[in-house]
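Visitor: I have a structure here, written as structure tokens, and I will follow up with some questions on it.
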Amino acid sequence: VECPILYGKNIAVKIEEELKKQVEVQKRKLGRTPQLTTIVAAEDSASKVYLASQAKVAARLGIEFDFQKLPGDISQDNLEKEIQSLNRNQAVDGVLIQMPLPAHLDPKRAINFLSPDKDVEGLHPQNLGRLFFLEPKIIPPTVAGVMAMLEEIKIDLRGKEVVIVGHSEIVGKPLSLLLLNKLATTTVCHIGTSGAGHLEMHLKKAEILIVAVGKPRFIKGSSLKKGVVVIDVGINKENGKLVGDVDFETAKEKASFITPVPGGIGALTPVMLMRNLLRLTQ
Ligand code: NAD
């Protein structure tokens, strides 16, 4: 039996239809077009790809997208002034600080300066803190994409053995809290787990496996339990091709559902970003 492949695109199309309607409603309410502004300070090829996809999705939805290129040698003070001026600008509904920032800038301090009411990626400590208690309106877009994928297959998370590999602040950590709130038994593995030689043990018991590590085809099918749901968040370049953190060919032999790379979670992230933007306008 072929393992069903979970394409992000199909879900993205449905969500976009809903968002288009919301854009029209908000336009009438606000008397202007909802607007997202992205601040970019570093010259980075991955950021360029991300920016292009933001612009494309915004255009499809009728959202105003603006990007502010700051000089690469901007001081922390001046960066924070730019953020504060966007905080005050009433024509701007959401602000995204494109990471990575140049090395001399402190990304956490920068995010602290952003108004939580304009924090479209849900990374301000106040928004992340809300995750502790419940499912807030604004959650990091990639995490929202993973949750939408799990909803799509109507899986009951209660009591499920969920294993997340990767504990980053934008994916693994916030995702672990959301899944805990849904009463999944949530294990978070990371570099320390591998270092201790325990990764295989955790992978073997996973009924749902979510991987965000950043290493091409790191997880092989031979490590997985039969019937596992595999969500691959990784996006890596290998010989000029995009591949995930999961070895798709071997993993699909074990999985009951699997997301592809590209075309899986990555196709949902920019749409979830725009969903956050609209929530900020409401
Ligand atoms: P990161 O790069 O900040 O951190 C990597 C994580 O992997 C850490 O928790 C680290 O401990 C863990 N790790 C590294 N080596 C390991 C090993 N040998 N064994 C176990 N764990 C190990 O993570 P990130 O920013 O979440 O990015 C991870 C991947 O997800 C990247 O490929 C990135 O491009 C991708 N990503 C995709 C999207 C999307 O929209 N699809 C969004 C964000 C990130």
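Going through the structure tokens in order, the chains are called A, B, and so on, while each chain numbers its residues from 1 and the ligands are numbered from 1 in the order shown.
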Produce as a list in words the set of residues near ligand 1, where near means within 7 Å with only C-alpha atoms and all ligand atoms considered.
Guide: Thr142, Val165, Gly166, His167, Ser168, Glu169, Ile170, Val171, Gly172, Cys189, His190, Ile191, Gly192, Thr193, Ser194, Leu199, Ala212, Val213, Gly214, Lys215, Val233, Gly234, Ile235, Asn236, Asp245, Ile265, Gly266 and Thr269 of chain A
Visitor: Restricting the output to N, CA and C atoms, write the selected residues as a PDB file, in the first residue's frame.
Guide:
```pdb
ATOM      1  N   THR A 142       5.397  28.461  11.288  1.00  0.00           N
ATOM      2  CA  THR A 142       5.786  27.081  10.960  1.00  0.00           C
ATOM      3  C   THR A 142       5.061  26.102  11.884  1.00  0.00           C
ATOM      4  N   VAL A 165      12.097  16.289  16.958  1.00  0.00           N
ATOM      5  CA  VAL A 165      13.560  16.368  16.938  1.00  0.00           C
ATOM      6  C   VAL A 165      13.921  17.790  16.541  1.00  0.00           C
ATOM      7  N   GLY A 166      14.602  18.492  17.440  1.00  0.00           N
ATOM      8  CA  GLY A 166      14.935  19.911  17.258  1.00  0.00           C
ATOM      9  C   GLY A 166      14.234  20.729  18.324  1.00  0.00           C
ATOM     10  N   HIS A 167      14.966  21.600  19.005  1.00  0.00           N
ATOM     11  CA  HIS A 167      14.345  22.377  20.089  1.00  0.00           C
ATOM     12  C   HIS A 167      14.533  23.882  19.885  1.00  0.00           C
ATOM     13  N   SER A 168      14.442  24.330  18.618  1.00  0.00           N
ATOM     14  CA  SER A 168      14.639  25.755  18.332  1.00  0.00           C
ATOM     15  C   SER A 168      13.474  26.580  18.877  1.00  0.00           C
ATOM     16  N   GLU A 169      13.753  27.882  19.023  1.00  0.00           N
ATOM     17  CA  GLU A 169      12.715  28.775  19.550  1.00  0.00           C
ATOM     18  C   GLU A 169      11.595  29.024  18.553  1.00  0.00           C
ATOM     19  N   ILE A 170      11.876  28.826  17.252  1.00  0.00           N
ATOM     20  CA  ILE A 170      10.809  29.077  16.271  1.00  0.00           C
ATOM     21  C   ILE A 170      10.002  27.823  15.944  1.00  0.00           C
ATOM     22  N   VAL A 171      10.546  26.640  16.228  1.00  0.00           N
ATOM     23  CA  VAL A 171       9.798  25.416  15.897  1.00  0.00           C
ATOM     24  C   VAL A 171       9.639  24.485  17.113  1.00  0.00           C
ATOM     25  N   GLY A 172      10.696  23.806  17.486  1.00  0.00           N
ATOM     26  CA  GLY A 172      10.594  22.720  18.464  1.00  0.00           C
ATOM     27  C   GLY A 172       9.985  23.118  19.803  1.00  0.00           C
ATOM     28  N   CYS A 189      13.650  15.879  21.395  1.00  0.00           N
ATOM     29  CA  CYS A 189      15.035  15.430  21.244  1.00  0.00           C
ATOM     30  C   CYS A 189      15.848  16.535  20.584  1.00  0.00           C
ATOM     31  N   HIS A 190      17.139  16.531  20.826  1.00  0.00           N
ATOM     32  CA  HIS A 190      18.012  17.585  20.303  1.00  0.00           C
ATOM     33  C   HIS A 190      19.431  17.060  20.287  1.00  0.00           C
ATOM     34  N   ILE A 191      20.353  17.967  20.133  1.00  0.00           N
ATOM     35  CA  ILE A 191      21.757  17.578  19.997  1.00  0.00           C
ATOM     36  C   ILE A 191      22.249  16.796  21.233  1.00  0.00           C
ATOM     37  N   GLY A 192      21.713  17.144  22.399  1.00  0.00           N
ATOM     38  CA  GLY A 192      22.105  16.432  23.626  1.00  0.00           C
ATOM     39  C   GLY A 192      21.632  14.983  23.604  1.00  0.00           C
ATOM     40  N   THR A 193      20.448  14.761  23.046  1.00  0.00           N
ATOM     41  CA  THR A 193      19.892  13.410  22.942  1.00  0.00           C
ATOM     42  C   THR A 193      20.793  12.528  22.074  1.00  0.00           C
ATOM     43  N   SER A 194      21.190  13.096  20.914  1.00  0.00           N
ATOM     44  CA  SER A 194      22.077  12.349  20.011  1.00  0.00           C
ATOM     45  C   SER A 194      23.418  12.096  20.663  1.00  0.00           C
ATOM     46  N   LEU A 199      18.929   8.945  20.701  1.00  0.00           N
ATOM     47  CA  LEU A 199      17.953   9.372  19.694  1.00  0.00           C
ATOM     48  C   LEU A 199      17.143   8.194  19.136  1.00  0.00           C
ATOM     49  N   ALA A 212      12.786  18.995  12.910  1.00  0.00           N
ATOM     50  CA  ALA A 212      13.283  20.326  12.522  1.00  0.00           C
ATOM     51  C   ALA A 212      14.719  20.453  13.013  1.00  0.00           C
ATOM     52  N   VAL A 213      15.623  19.901  12.235  1.00  0.00           N
ATOM     53  CA  VAL A 213      17.025  19.815  12.640  1.00  0.00           C
ATOM     54  C   VAL A 213      17.937  20.630  11.705  1.00  0.00           C
ATOM     55  N   GLY A 214      17.657  20.551  10.404  1.00  0.00           N
ATOM     56  CA  GLY A 214      18.514  21.255   9.447  1.00  0.00           C
ATOM     57  C   GLY A 214      19.668  20.407   8.941  1.00  0.00           C
ATOM     58  N   LYS A 215      19.452  19.078   8.877  1.00  0.00           N
ATOM     59  CA  LYS A 215      20.472  18.179   8.316  1.00  0.00           C
ATOM     60  C   LYS A 215      19.810  17.299   7.250  1.00  0.00           C
ATOM     61  N   VAL A 233       9.979  19.220   8.786  1.00  0.00           N
ATOM     62  CA  VAL A 233      10.037  20.686   8.723  1.00  0.00           C
ATOM     63  C   VAL A 233      11.329  21.158   8.027  1.00  0.00           C
ATOM     64  N   GLY A 234      12.311  20.317   7.983  1.00  0.00           N
ATOM     65  CA  GLY A 234      13.628  20.702   7.462  1.00  0.00           C
ATOM     66  C   GLY A 234      13.605  21.133   6.013  1.00  0.00           C
ATOM     67  N   ILE A 235      14.418  22.126   5.716  1.00  0.00           N
ATOM     68  CA  ILE A 235      14.622  22.551   4.319  1.00  0.00           C
ATOM     69  C   ILE A 235      16.131  22.665   4.125  1.00  0.00           C
ATOM     70  N   ASN A 236      16.692  21.781   3.331  1.00  0.00           N
ATOM     71  CA  ASN A 236      18.147  21.767   3.131  1.00  0.00           C
ATOM     72  C   ASN A 236      18.447  21.700   1.645  1.00  0.00           C
ATOM     73  N   ASP A 245      14.752  16.912   6.342  1.00  0.00           N
ATOM     74  CA  ASP A 245      15.582  16.291   7.384  1.00  0.00           C
ATOM     75  C   ASP A 245      15.316  14.791   7.451  1.00  0.00           C
ATOM     76  N   ILE A 265       5.384  21.254   4.687  1.00  0.00           N
ATOM     77  CA  ILE A 265       5.214  22.333   5.666  1.00  0.00           C
ATOM     78  C   ILE A 265       5.610  23.695   5.079  1.00  0.00           C
ATOM     79  N   GLY A 266       6.657  23.699   4.256  1.00  0.00           N
ATOM     80  CA  GLY A 266       7.141  24.947   3.662  1.00  0.00           C
ATOM     81  C   GLY A 266       6.069  25.686   2.870  1.00  0.00           C
ATOM     82  N   THR A 269       3.838  27.678   5.585  1.00  0.00           N
ATOM     83  CA  THR A 269       4.397  28.713   6.459  1.00  0.00           C
ATOM     84  C   THR A 269       4.005  30.150   6.042  1.00  0.00           C
TER      85      THR A 269
END
```
Visitor: Would you mind listing what lies within 10 Å of A:Leu175 as a VMD selection string, with only C-alpha atoms counted and same-chain residues fewer than 6 positions away left out?
Guide: chain A and resid 131 139 to 140 142 to 144 146 to 147 164 167 to 169 181 186 188 210
Visitor: Can you pull out every residue within 7 Å of A:Thr185, counting only C-alpha atoms, but drop anything in the same chain fewer than 2 positions away, and send it as a PyMOL selection string?
Guide: chain A and resi 159-162+180+183+187
Visitor: Those selected residues, please, written with N, CA, C and O atoms and delivered as a PDB file, in the first residue's frame.
Guide:
```pdb
ATOM      1  N   GLY A 159      -2.766  11.547  24.365  1.00  0.00           N
ATOM      2  CA  GLY A 159      -2.052  10.315  24.713  1.00  0.00           C
ATOM      3  C   GLY A 159      -1.105   9.782  23.650  1.00  0.00           C
ATOM      4  O   GLY A 159      -0.449   8.766  23.865  1.00  0.00           O
ATOM      5  N   LYS A 160      -1.027  10.455  22.511  1.00  0.00           N
ATOM      6  CA  LYS A 160      -0.134   9.973  21.435  1.00  0.00           C
ATOM      7  C   LYS A 160       1.331  10.186  21.809  1.00  0.00           C
ATOM      8  O   LYS A 160       1.683  11.182  22.436  1.00  0.00           O
ATOM      9  N   GLU A 161       2.173   9.229  21.407  1.00  0.00           N
ATOM     10  CA  GLU A 161       3.616   9.392  21.580  1.00  0.00           C
ATOM     11  C   GLU A 161       4.132  10.294  20.456  1.00  0.00           C
ATOM     12  O   GLU A 161       4.264   9.864  19.312  1.00  0.00           O
ATOM     13  N   VAL A 162       4.344  11.557  20.807  1.00  0.00           N
ATOM     14  CA  VAL A 162       4.853  12.514  19.822  1.00  0.00           C
ATOM     15  C   VAL A 162       6.324  12.769  20.104  1.00  0.00           C
ATOM     16  O   VAL A 162       6.689  13.062  21.242  1.00  0.00           O
ATOM     17  N   LEU A 180       1.644  19.524  24.129  1.00  0.00           N
ATOM     18  CA  LEU A 180       1.385  19.206  25.548  1.00  0.00           C
ATOM     19  C   LEU A 180      -0.008  19.677  25.943  1.00  0.00           C
ATOM     20  O   LEU A 180      -0.745  18.972  26.634  1.00  0.00           O
ATOM     21  N   LEU A 183      -2.568  17.352  25.303  1.00  0.00           N
ATOM     22  CA  LEU A 183      -2.398  16.101  26.051  1.00  0.00           C
ATOM     23  C   LEU A 183      -1.688  14.993  25.282  1.00  0.00           C
ATOM     24  O   LEU A 183      -1.853  13.804  25.566  1.00  0.00           O
ATOM     25  N   THR A 187       7.850  14.270  23.601  1.00  0.00           N
ATOM     26  CA  THR A 187       9.293  14.148  23.857  1.00  0.00           C
ATOM     27  C   THR A 187      10.020  15.084  22.905  1.00  0.00           C
ATOM     28  O   THR A 187       9.727  15.084  21.707  1.00  0.00           O
TER      29      THR A 187
END
```
Visitor: Please list as a list in words every residue within 9 Å of A:Gly94, counting only C-alpha atoms and excluding residues in the same chain fewer than 6 positions away.
Guide: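 My list of contacting residues is Pro34, Gln35, Leu36, Thr37, Thr38, Leu86, Asn87, Asp117, Lys118, Asp119, Val120, Glu121, Asn276, Leu277, Leu278, Leu280 and Thr281 of chain A.
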Visitor: Using only N, CA and C atoms, please write the residues we just selected to a file, as a PDB file, in the first residue's frame.
Guide:
```
ATOM      1  N   PRO A  34      -4.848  45.899   4.709  1.00  0.00           N
ATOM      2  CA  PRO A  34      -3.961  45.364   5.758  1.00  0.00           C
ATOM      3  C   PRO A  34      -2.506  45.318   5.261  1.00  0.00           C
ATOM      4  N   GLN A  35      -1.587  45.684   6.135  1.00  0.00           N
ATOM      5  CA  GLN A  35      -0.189  45.762   5.687  1.00  0.00           C
ATOM      6  C   GLN A  35       0.804  45.042   6.595  1.00  0.00           C
ATOM      7  N   LEU A  36       1.685  44.302   5.934  1.00  0.00           N
ATOM      8  CA  LEU A  36       2.816  43.655   6.608  1.00  0.00           C
ATOM      9  C   LEU A  36       4.104  44.339   6.177  1.00  0.00           C
ATOM     10  N   THR A  37       4.951  44.667   7.140  1.00  0.00           N
ATOM     11  CA  THR A  37       6.271  45.211   6.809  1.00  0.00           C
ATOM     12  C   THR A  37       7.356  44.274   7.320  1.00  0.00           C
ATOM     13  N   THR A  38       8.271  43.917   6.448  1.00  0.00           N
ATOM     14  CA  THR A  38       9.406  43.076   6.841  1.00  0.00           C
ATOM     15  C   THR A  38      10.676  43.926   6.850  1.00  0.00           C
ATOM     16  N   LEU A  86       7.877  51.738  13.438  1.00  0.00           N
ATOM     17  CA  LEU A  86       6.845  50.870  12.844  1.00  0.00           C
ATOM     18  C   LEU A  86       5.762  50.526  13.875  1.00  0.00           C
ATOM     19  N   ASN A  87       6.160  50.386  15.134  1.00  0.00           N
ATOM     20  CA  ASN A  87       5.173  50.142  16.200  1.00  0.00           C
ATOM     21  C   ASN A  87       4.137  51.267  16.243  1.00  0.00           C
ATOM     22  N   ASP A 117       1.525  43.411  19.732  1.00  0.00           N
ATOM     23  CA  ASP A 117       0.340  43.527  18.876  1.00  0.00           C
ATOM     24  C   ASP A 117       0.683  43.588  17.388  1.00  0.00           C
ATOM     25  N   LYS A 118       1.983  43.708  17.072  1.00  0.00           N
ATOM     26  CA  LYS A 118       2.396  43.720  15.658  1.00  0.00           C
ATOM     27  C   LYS A 118       3.329  42.557  15.345  1.00  0.00           C
ATOM     28  N   ASP A 119       3.463  41.658  16.303  1.00  0.00           N
ATOM     29  CA  ASP A 119       4.426  40.567  16.219  1.00  0.00           C
ATOM     30  C   ASP A 119       3.845  39.417  15.393  1.00  0.00           C
ATOM     31  N   VAL A 120       4.005  39.521  14.076  1.00  0.00           N
ATOM     32  CA  VAL A 120       3.331  38.610  13.149  1.00  0.00           C
ATOM     33  C   VAL A 120       3.876  37.175  13.226  1.00  0.00           C
ATOM     34  N   GLU A 121       5.102  37.017  13.737  1.00  0.00           N
ATOM     35  CA  GLU A 121       5.671  35.665  13.854  1.00  0.00           C
ATOM     36  C   GLU A 121       5.457  35.053  15.229  1.00  0.00           C
ATOM     37  N   ASN A 276      -1.779  35.102  10.573  1.00  0.00           N
ATOM     38  CA  ASN A 276      -1.413  35.881  11.759  1.00  0.00           C
ATOM     39  C   ASN A 276      -1.621  37.373  11.513  1.00  0.00           C
ATOM     40  N   LEU A 277      -1.204  37.848  10.352  1.00  0.00           N
ATOM     41  CA  LEU A 277      -1.348  39.284  10.059  1.00  0.00           C
ATOM     42  C   LEU A 277      -2.809  39.704  10.167  1.00  0.00           C
ATOM     43  N   LEU A 278      -3.687  38.891   9.570  1.00  0.00           N
ATOM     44  CA  LEU A 278      -5.113  39.245   9.616  1.00  0.00           C
ATOM     45  C   LEU A 278      -5.649  39.199  11.036  1.00  0.00           C
ATOM     46  N   LEU A 280      -3.959  39.973  13.599  1.00  0.00           N
ATOM     47  CA  LEU A 280      -3.483  41.200  14.250  1.00  0.00           C
ATOM     48  C   LEU A 280      -4.337  42.407  13.876  1.00  0.00           C
ATOM     49  N   THR A 281      -4.950  42.379  12.696  1.00  0.00           N
ATOM     50  CA  THR A 281      -5.791  43.521  12.287  1.00  0.00           C
ATOM     51  C   THR A 281      -7.160  43.469  12.965  1.00  0.00           C
TER      52      THR A 281
END
```
Visitor: Could you give me, as a ChimeraX atom specification, the residues within 9 Å of stretch 249-253 of chain A, counting only C-alpha atoms and dropping anything in the same chain fewer than 6 positions from it?
Guide: /A:2-5,219-224,226,230
Visitor: Based on DSSP run over this structure's backbone, return all residues of stretch 163-196 of chain A in helix (DSSP H, G or I), as a PyMOL selection string.
Guide: chain A and resi 172-181+191-195
Visitor: Taking N, CA, C and O atoms for each residue, export the selection above as a compact mmCIF listing (two decimals), in the first residue's frame.
Guide:
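Here's the written file selection-v9.txt:
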```
# COMPACT_ATOMS: atom_id res chain seq x y z
N GLY A 172 10.70 23.81 17.49
CA GLY A 172 10.59 22.72 18.46
C GLY A 172 9.99 23.12 19.80
O GLY A 172 9.06 22.47 20.29
N LYS A 173 10.50 24.20 20.41
CA LYS A 173 10.01 24.57 21.74
C LYS A 173 8.55 24.99 21.74
O LYS A 173 7.76 24.45 22.52
N PRO A 174 8.14 25.96 20.88
CA PRO A 174 6.72 26.32 20.92
C PRO A 174 5.80 25.15 20.54
O PRO A 174 4.73 24.98 21.12
N LEU A 175 6.23 24.33 19.58
CA LEU A 175 5.42 23.19 19.17
C LEU A 175 5.21 22.22 20.33
O LEU A 175 4.12 21.67 20.51
N SER A 176 6.25 22.02 21.12
CA SER A 176 6.14 21.07 22.23
C SER A 176 5.08 21.53 23.24
O SER A 176 4.33 20.71 23.77
N LEU A 177 4.98 22.85 23.45
CA LEU A 177 3.97 23.35 24.39
C LEU A 177 2.55 23.16 23.85
O LEU A 177 1.64 22.76 24.58
N LEU A 178 2.38 23.46 22.55
CA LEU A 178 1.05 23.29 21.95
C LEU A 178 0.59 21.84 22.02
O LEU A 178 -0.57 21.54 22.31
N LEU A 179 1.51 20.92 21.75
CA LEU A 179 1.15 19.50 21.76
C LEU A 179 0.88 19.01 23.17
O LEU A 179 -0.03 18.21 23.40
N LEU A 180 1.64 19.52 24.13
CA LEU A 180 1.39 19.21 25.55
C LEU A 180 -0.01 19.68 25.94
O LEU A 180 -0.74 18.97 26.63
N ASN A 181 -0.36 20.89 25.49
CA ASN A 181 -1.69 21.43 25.81
C ASN A 181 -2.80 20.55 25.25
O ASN A 181 -3.92 20.59 25.73
N ILE A 191 20.35 17.97 20.13
CA ILE A 191 21.76 17.58 20.00
C ILE A 191 22.25 16.80 21.23
O ILE A 191 23.05 15.87 21.10
N GLY A 192 21.71 17.14 22.40
CA GLY A 192 22.11 16.43 23.63
C GLY A 192 21.63 14.98 23.60
O GLY A 192 22.34 14.07 24.07
N THR A 193 20.45 14.76 23.05
CA THR A 193 19.89 13.41 22.94
C THR A 193 20.79 12.53 22.07
O THR A 193 21.10 11.38 22.44
N SER A 194 21.19 13.10 20.91
CA SER A 194 22.08 12.35 20.01
C SER A 194 23.42 12.10 20.66
O SER A 194 23.97 10.99 20.56
N GLY A 195 23.94 13.12 21.34
CA GLY A 195 25.24 13.01 21.99
C GLY A 195 25.27 11.87 23.01
O GLY A 195 26.28 11.19 23.18
```
Visitor: Where in stretch 3-220 of chain A does DSSP assign strand (DSSP E or B), given as JSON, numbers by chain?
Guide: {"A": [5, 35, 36, 37, 38, 39, 40, 64, 65, 66, 67, 68, 69, 94, 95, 96, 97, 119, 161, 162, 163, 164, 165, 185, 186, 187, 188, 189, 208, 209, 210, 211, 219]}
Visitor: Which value, in Å to one decimal, gives the distance between atom CA of A:Glu152 and atom CA of A:Gly8?
Guide: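 Atom-to-atom, atom CA of A:Glu152 to atom CA of A:Gly8, that is 9.9 Å.
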Visitor: Neighbouring residues of A:Tyr7 were defined as those with any atom within 8 Å, considering only C-alpha atoms; residues of the same chain fewer than 4 positions away were excluded. Please report them as a PyMOL selection string.
Guide: chain A and resi 11+259-260+263-265
Visitor: List the spatial neighbours of stretch 80-84 of chain A as a VMD selection string - criterion: any atom at most 7 Å away, only C-alpha atoms, same-chain residues fewer than 3 positions off excluded.
Guide: chain A and resid 76 to 77 87 to 88 110 113 to 114
Visitor: Please save N, CA, C and O atoms of the selected residues as a short mmCIF file (atom, residue, chain, number, x, y, z; two decimals), in the first residue's frame.
Guide:
```cif
data_model
loop_
_atom_site.label_atom_id
_atom_site.label_comp_id
_atom_site.auth_asym_id
_atom_site.auth_seq_id
_atom_site.Cartn_x
_atom_site.Cartn_y
_atom_site.Cartn_z
N GLN A 76 22.50 48.74 16.88
CA GLN A 76 21.36 48.18 17.62
C GLN A 76 20.36 49.28 17.96
O GLN A 76 19.14 49.11 17.79
N ASP A 77 20.88 50.43 18.39
CA ASP A 77 20.01 51.56 18.75
C ASP A 77 19.14 51.99 17.57
O ASP A 77 17.93 52.20 17.73
N ASN A 87 6.16 50.39 15.13
CA ASN A 87 5.17 50.14 16.20
C ASN A 87 4.14 51.27 16.24
O ASN A 87 2.95 51.02 16.47
N ARG A 88 4.61 52.50 16.01
CA ARG A 88 3.71 53.66 16.10
C ARG A 88 2.93 53.89 14.82
O ARG A 88 1.91 54.57 14.83
N ALA A 110 16.06 42.86 19.83
CA ALA A 110 15.28 43.48 18.76
C ALA A 110 13.81 43.05 18.86
O ALA A 110 12.90 43.89 18.80
N PHE A 113 11.69 44.76 21.38
CA PHE A 113 11.26 46.12 21.07
C PHE A 113 10.00 46.15 20.23
O PHE A 113 9.33 47.17 20.13
N LEU A 114 9.71 45.02 19.58
CA LEU A 114 8.53 44.96 18.73
C LEU A 114 7.27 44.94 19.61
O LEU A 114 7.26 44.28 20.65
#
```
Visitor: Distance atom CA of A:Ala267-atom CA of A:Gly129, one decimal place?
Guide: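 It comes out at 26.7 Å.
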Visitor: Mind pulling up the distance from atom CA of A:Leu273 to atom CA of A:Ile111?
Guide: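 Going from atom CA of A:Ile111 over to atom CA of A:Leu273, I get 16.3 Å.
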